[in-house]
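Visitor: Got model38.csv for you, CSV, C-alpha atoms:
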```
chain,number,residue,atom,x,y,z
A,1,MET,CA,115.5,138.8,141.4
A,2,GLY,CA,115.8,140.7,138.1
A,3,GLU,CA,117.0,144.2,137.6
A,4,ALA,CA,113.4,145.6,137.4
A,5,ASP,CA,112.7,144.0,140.8
A,6,ASP,CA,115.6,145.6,142.7
A,7,ILE,CA,113.5,148.4,144.1
A,8,LEU,CA,110.3,147.4,145.9
A,9,ARG,CA,107.8,150.1,147.1
A,10,VAL,CA,104.5,149.5,148.9
A,11,GLU,CA,102.2,152.5,148.2
A,12,PHE,CA,98.7,153.4,149.2
A,13,LEU,CA,96.6,152.4,146.2
A,14,GLY,CA,95.7,155.4,144.0
A,15,PRO,CA,94.3,156.3,140.6
A,16,GLN,CA,97.9,156.3,139.2
A,17,HIS,CA,98.2,152.5,139.7
A,18,ASP,CA,97.2,150.5,136.6
A,19,ARG,CA,95.3,147.5,138.0
A,20,SER,CA,93.7,146.2,134.8
A,21,GLY,CA,96.3,143.5,134.1
A,22,PHE,CA,96.6,142.1,137.6
A,23,GLU,CA,96.0,138.4,137.8
A,24,SER,CA,96.6,136.4,140.9
A,25,GLY,CA,94.7,133.4,139.7
A,26,VAL,CA,92.0,133.8,142.3
A,27,GLU,CA,89.1,135.5,140.6
A,28,PRO,CA,87.5,137.1,143.6
A,29,LEU,CA,90.8,138.7,144.7
A,30,ASP,CA,91.5,139.9,141.1
A,31,ARG,CA,88.0,141.3,140.7
A,32,TYR,CA,88.1,143.1,144.0
A,33,PHE,CA,91.5,144.7,143.2
A,34,ARG,CA,90.4,145.8,139.7
A,35,ALA,CA,86.9,147.0,140.5
A,36,GLN,CA,86.4,147.6,144.2
A,37,ALA,CA,89.6,148.5,146.0
A,38,GLY,CA,89.7,152.1,144.9
A,39,GLN,CA,86.1,152.6,146.0
A,40,ASP,CA,86.8,151.0,149.4
A,41,ALA,CA,89.8,153.4,149.8
A,42,ARG,CA,87.7,156.4,149.0
A,43,LYS,CA,84.9,155.3,151.4
A,44,LYS,CA,87.3,154.4,154.2
A,45,MET,CA,86.2,150.8,154.2
A,46,ALA,CA,89.7,149.4,153.7
A,47,ALA,CA,93.2,150.7,153.1
A,48,PRO,CA,94.6,149.0,150.0
A,49,PHE,CA,98.3,148.9,149.5
A,50,ALA,CA,100.1,147.9,146.2
A,51,LEU,CA,103.6,146.5,145.8
A,52,VAL,CA,105.0,148.5,142.9
A,53,LEU,CA,108.1,147.4,141.0
A,54,LYS,CA,110.7,149.7,139.6
A,55,ASP,CA,109.0,149.6,136.1
A,56,GLY,CA,105.7,150.7,137.7
A,57,SER,CA,104.0,147.3,137.4
A,58,ILE,CA,102.0,146.0,140.4
A,59,ALA,CA,103.3,142.7,141.8
A,60,GLY,CA,100.8,142.3,144.6
A,61,TYR,CA,98.5,144.0,147.0
A,62,TYR,CA,96.9,143.8,150.5
A,63,THR,CA,94.2,145.5,152.4
A,64,LEU,CA,93.9,146.6,156.1
A,65,SER,CA,90.9,147.6,158.0
A,66,SER,CA,89.6,147.6,161.6
A,67,THR,CA,87.6,144.8,163.0
A,68,ALA,CA,86.7,143.2,166.3
A,69,VAL,CA,86.9,139.7,167.7
A,70,ARG,CA,84.4,138.3,170.1
A,71,LEU,CA,86.1,136.8,173.2
A,72,PRO,CA,84.5,133.4,172.7
A,73,GLU,CA,86.2,133.1,169.3
A,74,LEU,CA,89.7,133.2,170.8
A,75,PRO,CA,91.5,130.3,172.5
A,76,LYS,CA,90.6,130.0,176.2
A,77,ALA,CA,94.3,130.4,177.3
A,78,ILE,CA,94.4,133.8,175.6
A,79,VAL,CA,91.0,134.9,176.9
A,80,ARG,CA,92.1,134.3,180.5
A,81,LYS,CA,94.6,137.1,180.0
A,82,LEU,CA,92.2,139.7,178.5
A,83,PRO,CA,89.7,142.1,179.9
A,84,ARG,CA,86.1,140.8,179.9
A,85,TYR,CA,84.9,143.0,177.1
A,86,PRO,CA,82.3,141.4,174.7
A,87,SER,CA,84.8,142.0,171.8
A,88,ILE,CA,88.3,143.3,171.4
A,89,PRO,CA,89.8,145.5,168.7
A,90,ALA,CA,91.8,143.9,165.9
A,91,THR,CA,93.2,144.7,162.5
A,92,LEU,CA,91.9,142.8,159.5
A,93,LEU,CA,94.3,141.8,156.8
A,94,GLY,CA,91.3,141.4,154.4
A,95,ARG,CA,93.1,140.5,151.2
A,96,LEU,CA,96.6,139.6,150.1
A,97,ALA,CA,97.5,138.6,146.6
A,98,VAL,CA,100.5,138.3,144.3
A,99,ASP,CA,100.3,138.5,140.5
A,100,GLN,CA,101.0,135.1,138.9
A,101,ARG,CA,103.9,136.7,136.9
A,102,TYR,CA,105.8,137.4,140.1
A,103,ARG,CA,105.2,134.2,142.1
A,104,GLY,CA,108.1,132.5,143.8
A,105,ARG,CA,110.0,135.7,144.5
A,106,GLY,CA,109.0,136.1,148.2
A,107,TYR,CA,106.6,139.0,147.4
A,108,GLY,CA,103.8,137.4,149.5
A,109,ARG,CA,106.0,137.4,152.6
A,110,PHE,CA,107.2,140.9,151.7
A,111,LEU,CA,103.6,142.2,151.6
A,112,LEU,CA,102.7,140.3,154.8
A,113,ALA,CA,105.7,141.9,156.6
A,114,ASP,CA,104.7,145.3,155.3
A,115,ALA,CA,101.1,144.8,156.5
A,116,LEU,CA,102.3,143.6,159.9
A,117,TYR,CA,104.6,146.5,160.3
A,118,ARG,CA,101.9,149.0,159.4
A,119,ALA,CA,99.5,147.4,161.8
A,120,VAL,CA,102.0,147.4,164.7
A,121,ARG,CA,103.1,150.9,164.0
A,122,SER,CA,99.5,152.2,164.1
A,123,GLU,CA,98.4,154.3,167.1
A,124,ILE,CA,95.0,152.7,166.9
A,125,ALA,CA,94.6,149.9,169.5
A,126,SER,CA,94.6,146.4,168.1
A,127,PHE,CA,95.0,143.1,170.0
A,128,ALA,CA,95.9,141.0,166.9
A,129,VAL,CA,96.0,140.8,163.1
A,130,ILE,CA,93.2,138.6,161.8
A,131,VAL,CA,93.1,136.9,158.4
A,132,GLU,CA,90.5,134.7,156.7
A,133,ALA,CA,92.3,132.2,154.5
A,134,LYS,CA,90.6,131.7,151.1
A,135,ASP,CA,91.9,128.2,150.7
A,136,GLU,CA,94.2,125.5,152.3
A,137,SER,CA,97.2,126.9,150.5
A,138,ALA,CA,96.6,130.4,152.0
A,139,LYS,CA,96.0,128.8,155.4
A,140,ARG,CA,99.4,127.0,155.2
A,141,PHE,CA,101.1,130.3,154.2
A,142,TYR,CA,99.7,132.1,157.3
A,143,GLU,CA,100.5,129.2,159.6
A,144,ARG,CA,104.1,129.2,158.4
A,145,GLU,CA,104.2,132.9,159.4
A,146,SER,CA,103.1,132.0,162.9
A,147,PHE,CA,99.4,132.8,162.6
A,148,LEU,CA,97.2,130.6,164.9
A,149,GLN,CA,93.8,129.1,164.0
A,150,LEU,CA,90.8,130.4,165.9
A,151,PRO,CA,88.9,127.6,167.6
A,152,ASP,CA,85.9,126.4,165.6
A,153,GLN,CA,86.9,128.5,162.6
A,154,PRO,CA,89.5,126.6,160.7
A,155,MET,CA,90.1,129.2,158.0
A,156,LYS,CA,90.2,132.2,160.3
A,157,LEU,CA,93.6,132.9,161.9
A,158,PHE,CA,95.2,135.5,164.1
A,159,ARG,CA,98.6,136.7,165.3
A,160,PRO,CA,98.7,138.6,168.6
A,161,MET,CA,100.1,142.2,168.3
A,162,THR,CA,102.6,141.5,171.1
A,163,ASP,CA,104.1,138.7,168.9
A,164,ILE,CA,104.2,141.1,165.9
A,165,GLU,CA,105.8,143.8,168.0
A,166,ALA,CA,108.7,141.4,168.8
A,167,LEU,CA,109.4,141.0,165.1
A,168,PHE,CA,110.2,144.6,164.7
A,169,LYS,CA,112.3,145.3,167.8
```
Could the structure of this file be written out as structure tokens, please?

Guide:
Amino acid sequence: MGEADDILRVEFLGPQHDRSGFESGVEPLDRYFRAQAGQDARKKMAAPFALVLKDGSIAGYYTLSSTAVRLPELPKAIVRKLPRYPSIPATLLGRLAVDQRYRGRGYGRFLLADALYRAVRSEIASFAVIVEAKDESAKRFYERESFLQLPDQPMKLFRPMTDIEALFK
């Protein structure tokens, strides 16, 4: 990593962050970050976090929000161990993107680790972190990070919170 990259900070997205030049190469993710993320934060629809480099540029971002998973969506082996509620609470990692200028530096994994740490540290109950991969490349990224596919939903993956807790012990 270069000198400007030596200090990494993940901050709650605010008006002080210049998002105008952010380009991940995935238009829906870029458009969301530039035009919608701030509104979602203000309306409490999602919590967007930005990876800010020493020079103030944004290398990437992710969003967290609450969601629920219906029991039939989960693998049967996991459902057997859960209470019989119609749905269970989860944390949605709704978006995660790295600016093309900073690819190949491990920032995607850094952002994912930060998101998982925030999710596990929360006092709000959550059975798992859920992601919906935008494409096969994103799906492979999450699978390499031990996310499991939901049956009948090949692009929707999860990682149980008990598994995530073990990462940070």

Visitor: Which residues of stretch 142-162 of chain A have any atom within 6 Å of an atom in stretch 114-129 of chain A when counting all atoms listed in the file, and what is the closest pair of atoms for each, with the distance in Å to one decimal? Order the rows by chain and rising number and write it as a Markdown table.

Guide:
```
| residue | atom | partner | partner_atom | distance |
| --- | --- | --- | --- | --- |
| A:Phe158 | CA | A:Val129 | CA | 5.5 |
| A:Arg159 | CA | A:Ala128 | CA | 5.3 |
| A:Pro160 | CA | A:Ala128 | CA | 4.1 |
| A:Met161 | CA | A:Ala128 | CA | 4.6 |
```

Visitor: Quick one: residues within 12 Å of A:Pro86, all atoms listed in the file counted, chain neighbours fewer than 3 positions away excluded, as a PyMOL selection string?

Guide: chain A and resi 68-74+79+82-83+89

Visitor: Using only C-alpha atoms, which residue out of A:Ala113, A:Leu13, A:Leu96, A:Ala77 lies closest to A:Pro28?

Guide: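 When distances to A:Pro28 are compared using only C-alpha atoms, the smallest one comes from A:Leu96.
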
Visitor: Within 12 Å of A:Gln39, counting only C-alpha atoms, which residues show up once you throw out same-chain ones fewer than 5 positions away? Write them as a ChimeraX atom specification, please.

Guide: /A:13-15,32-34,44-48

Visitor: In the coordinates of the file, take the point (104.8, 144.7, 149.2) and a cut-off of 10 Å; then, counting all atoms listed in the file, name each qualifying protein, DNA or RNA residue as a list in words.

Guide: Leu8, Arg9, Val10, Glu11, Phe49, Ala50, Leu51, Val52, Leu53, Ile58, Ala59, Gly60, Tyr61, Tyr62, Leu96, Ala97, Val98, Gly106, Tyr107, Gly108, Arg109, Phe110, Leu111, Leu112, Ala113, Asp114 and Ala115 of chain A

Visitor: Next, the residues of the selection above should be written as a short mmCIF file (atom, residue, chain, number, x, y, z; two decimals), in the coordinates of the input with C-alpha atoms.

Guide:
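Writing the result to result36.cif gives the following:
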```
data_model
loop_
_atom_site.label_atom_id
_atom_site.label_comp_id
_atom_site.auth_asym_id
_atom_site.auth_seq_id
_atom_site.Cartn_x
_atom_site.Cartn_y
_atom_site.Cartn_z
CA LEU A 8 110.30 147.40 145.90
CA ARG A 9 107.80 150.10 147.10
CA VAL A 10 104.50 149.50 148.90
CA GLU A 11 102.20 152.50 148.20
CA PHE A 49 98.30 148.90 149.50
CA ALA A 50 100.10 147.90 146.20
CA LEU A 51 103.60 146.50 145.80
CA VAL A 52 105.00 148.50 142.90
CA LEU A 53 108.10 147.40 141.00
CA ILE A 58 102.00 146.00 140.40
CA ALA A 59 103.30 142.70 141.80
CA GLY A 60 100.80 142.30 144.60
CA TYR A 61 98.50 144.00 147.00
CA TYR A 62 96.90 143.80 150.50
CA LEU A 96 96.60 139.60 150.10
CA ALA A 97 97.50 138.60 146.60
CA VAL A 98 100.50 138.30 144.30
CA GLY A 106 109.00 136.10 148.20
CA TYR A 107 106.60 139.00 147.40
CA GLY A 108 103.80 137.40 149.50
CA ARG A 109 106.00 137.40 152.60
CA PHE A 110 107.20 140.90 151.70
CA LEU A 111 103.60 142.20 151.60
CA LEU A 112 102.70 140.30 154.80
CA ALA A 113 105.70 141.90 156.60
CA ASP A 114 104.70 145.30 155.30
CA ALA A 115 101.10 144.80 156.50
#
```

Visitor: Around (105.8, 136.4, 166.3), as given in the file, which residues come within 8 Å? Count only C-alpha atoms and list them as a PyMOL selection string.

Guide: chain A and resi 145-146+159-160+162-167

Visitor: Put those residues in a file: C-alpha atoms, as a PDB file, in the frame of the given file.

Guide:
```pdb
ATOM      1  CA  GLU A 145     104.200 132.900 159.400  1.00  0.00           C
ATOM      2  CA  SER A 146     103.100 132.000 162.900  1.00  0.00           C
ATOM      3  CA  ARG A 159      98.600 136.700 165.300  1.00  0.00           C
ATOM      4  CA  PRO A 160      98.700 138.600 168.600  1.00  0.00           C
ATOM      5  CA  THR A 162     102.600 141.500 171.100  1.00  0.00           C
ATOM      6  CA  ASP A 163     104.100 138.700 168.900  1.00  0.00           C
ATOM      7  CA  ILE A 164     104.200 141.100 165.900  1.00  0.00           C
ATOM      8  CA  GLU A 165     105.800 143.800 168.000  1.00  0.00           C
ATOM      9  CA  ALA A 166     108.700 141.400 168.800  1.00  0.00           C
ATOM     10  CA  LEU A 167     109.400 141.000 165.100  1.00  0.00           C
TER      11      LEU A 167
END
```

Visitor: Enter the distance from atom CA of A:Pro151 to atom CA of A:Thr63, in Å, rounded to one decimal.

Guide: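 If I compute the distance from atom CA of A:Pro151 to atom CA of A:Thr63, I get 24.1 Å.
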